[in-house]
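Encoded as structure tokens, the structure appears first; notes follow it.
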Amino acid sequence: MIQVFFGIACRQQREQMQVSQEKFALSIGMDRTYYASVEAGKRNISIQNIKKIADGFGISLAELMSETEKIERSSKM
């Protein structure tokens with residue numbers, strides 16, 4: 001389930017930036033279809049790719065994981 005919550009957090013961050021999946025993926029050197037599968041919660045991605053994504057959002061790994069945990073907690077309410 002963590003992949004799903006992480007994907008939601010990524011989508012929310014990207015949408016706040018008002019950028020498409022394609023533009024964001026290109027900006028971090030990631031294939032769009034791979035990134036789309038991350039947002040869909042279908043990838044168990046490496047820490048290296050999580051770092052790329054966090055850097056692309058301009059936030060720390062801790063901030064991105066904190067957002068993921070908030071989403072997880074809110075889904076249990």
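Each chain of the structure tokens is named A, B, ... in the order shown, its residues numbered from 1; ligands are numbered from 1 in display order.
Residue neighbourhood of region 34-46 of chain A, excluding near-sequence residues (fewer than 5 positions): Met1, Ile2, Gln3, Val4, Phe5, Phe6, Gly7, Ile8, Ala9, Cys10, Arg11, Gln21, Glu22, Phe24, Ala25 and Lys51 of chain A, at 9 Å, using only C-alpha atoms.
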Those same residues - N, CA and C atoms - I'd like them written as a PDB file, in the first residue's frame.
ATOM      1  N   MET A   1       0.806  -1.208   0.000  1.00  0.00           N
ATOM      2  CA  MET A   1       0.000   0.000   0.000  1.00  0.00           C
ATOM      3  C   MET A   1       0.847   1.270   0.000  1.00  0.00           C
ATOM      4  N   ILE A   2       2.056   1.196   0.547  1.00  0.00           N
ATOM      5  CA  ILE A   2       2.891   2.398   0.620  1.00  0.00           C
ATOM      6  C   ILE A   2       3.144   2.977  -0.769  1.00  0.00           C
ATOM      7  N   GLN A   3       3.233   2.102  -1.788  1.00  0.00           N
ATOM      8  CA  GLN A   3       3.453   2.598  -3.146  1.00  0.00           C
ATOM      9  C   GLN A   3       2.294   3.492  -3.595  1.00  0.00           C
ATOM     10  N   VAL A   4       1.079   3.103  -3.216  1.00  0.00           N
ATOM     11  CA  VAL A   4      -0.102   3.890  -3.600  1.00  0.00           C
ATOM     12  C   VAL A   4      -0.075   5.252  -2.921  1.00  0.00           C
ATOM     13  N   PHE A   5       0.210   5.271  -1.626  1.00  0.00           N
ATOM     14  CA  PHE A   5       0.241   6.539  -0.891  1.00  0.00           C
ATOM     15  C   PHE A   5       1.385   7.428  -1.397  1.00  0.00           C
ATOM     16  N   PHE A   6       2.523   6.812  -1.702  1.00  0.00           N
ATOM     17  CA  PHE A   6       3.646   7.567  -2.248  1.00  0.00           C
ATOM     18  C   PHE A   6       3.267   8.167  -3.603  1.00  0.00           C
ATOM     19  N   GLY A   7       2.587   7.394  -4.422  1.00  0.00           N
ATOM     20  CA  GLY A   7       2.147   7.888  -5.728  1.00  0.00           C
ATOM     21  C   GLY A   7       1.203   9.068  -5.608  1.00  0.00           C
ATOM     22  N   ILE A   8       0.295   9.001  -4.642  1.00  0.00           N
ATOM     23  CA  ILE A   8      -0.645  10.104  -4.414  1.00  0.00           C
ATOM     24  C   ILE A   8       0.119  11.354  -3.982  1.00  0.00           C
ATOM     25  N   ALA A   9       1.085  11.168  -3.086  1.00  0.00           N
ATOM     26  CA  ALA A   9       1.889  12.309  -2.627  1.00  0.00           C
ATOM     27  C   ALA A   9       2.642  12.941  -3.798  1.00  0.00           C
ATOM     28  N   CYS A  10       3.183  12.111  -4.669  1.00  0.00           N
ATOM     29  CA  CYS A  10       3.905  12.627  -5.837  1.00  0.00           C
ATOM     30  C   CYS A  10       2.968  13.390  -6.765  1.00  0.00           C
ATOM     31  N   ARG A  11       1.806  12.823  -7.020  1.00  0.00           N
ATOM     32  CA  ARG A  11       0.852  13.498  -7.900  1.00  0.00           C
ATOM     33  C   ARG A  11       0.444  14.851  -7.320  1.00  0.00           C
ATOM     34  N   GLN A  21       2.934  15.327 -16.179  1.00  0.00           N
ATOM     35  CA  GLN A  21       3.799  14.189 -15.871  1.00  0.00           C
ATOM     36  C   GLN A  21       4.993  14.167 -16.816  1.00  0.00           C
ATOM     37  N   GLU A  22       4.737  14.405 -18.073  1.00  0.00           N
ATOM     38  CA  GLU A  22       5.808  14.353 -19.073  1.00  0.00           C
ATOM     39  C   GLU A  22       6.889  15.394 -18.788  1.00  0.00           C
ATOM     40  N   PHE A  24       7.543  16.942 -15.960  1.00  0.00           N
ATOM     41  CA  PHE A  24       8.224  16.659 -14.709  1.00  0.00           C
ATOM     42  C   PHE A  24       9.212  15.516 -14.888  1.00  0.00           C
ATOM     43  N   ALA A  25       8.753  14.432 -15.505  1.00  0.00           N
ATOM     44  CA  ALA A  25       9.637  13.272 -15.703  1.00  0.00           C
ATOM     45  C   ALA A  25      10.881  13.669 -16.497  1.00  0.00           C
ATOM     46  N   LYS A  51      14.808   9.917  -4.399  1.00  0.00           N
ATOM     47  CA  LYS A  51      15.623  11.136  -4.216  1.00  0.00           C
ATOM     48  C   LYS A  51      15.507  12.043  -5.433  1.00  0.00           C
TER      49      LYS A  51
END
> Can you list, as a VMD selection string, every residue of chain A that DSSP puts in alpha helix (DSSP H)?
Replying inline: chain A and resid 2 to 16 21 to 27 32 to 39 47 to 57 61 to 75
> Which residues, written as a PyMOL selection string, have at least one atom at most 12 Å from Gln13 (chain A), with only C-alpha atoms counted and residues fewer than 6 positions away on the same chain left out?
Replying inline: chain A and resi 6-7+19-21+24+39+53-59+63-65+67-68
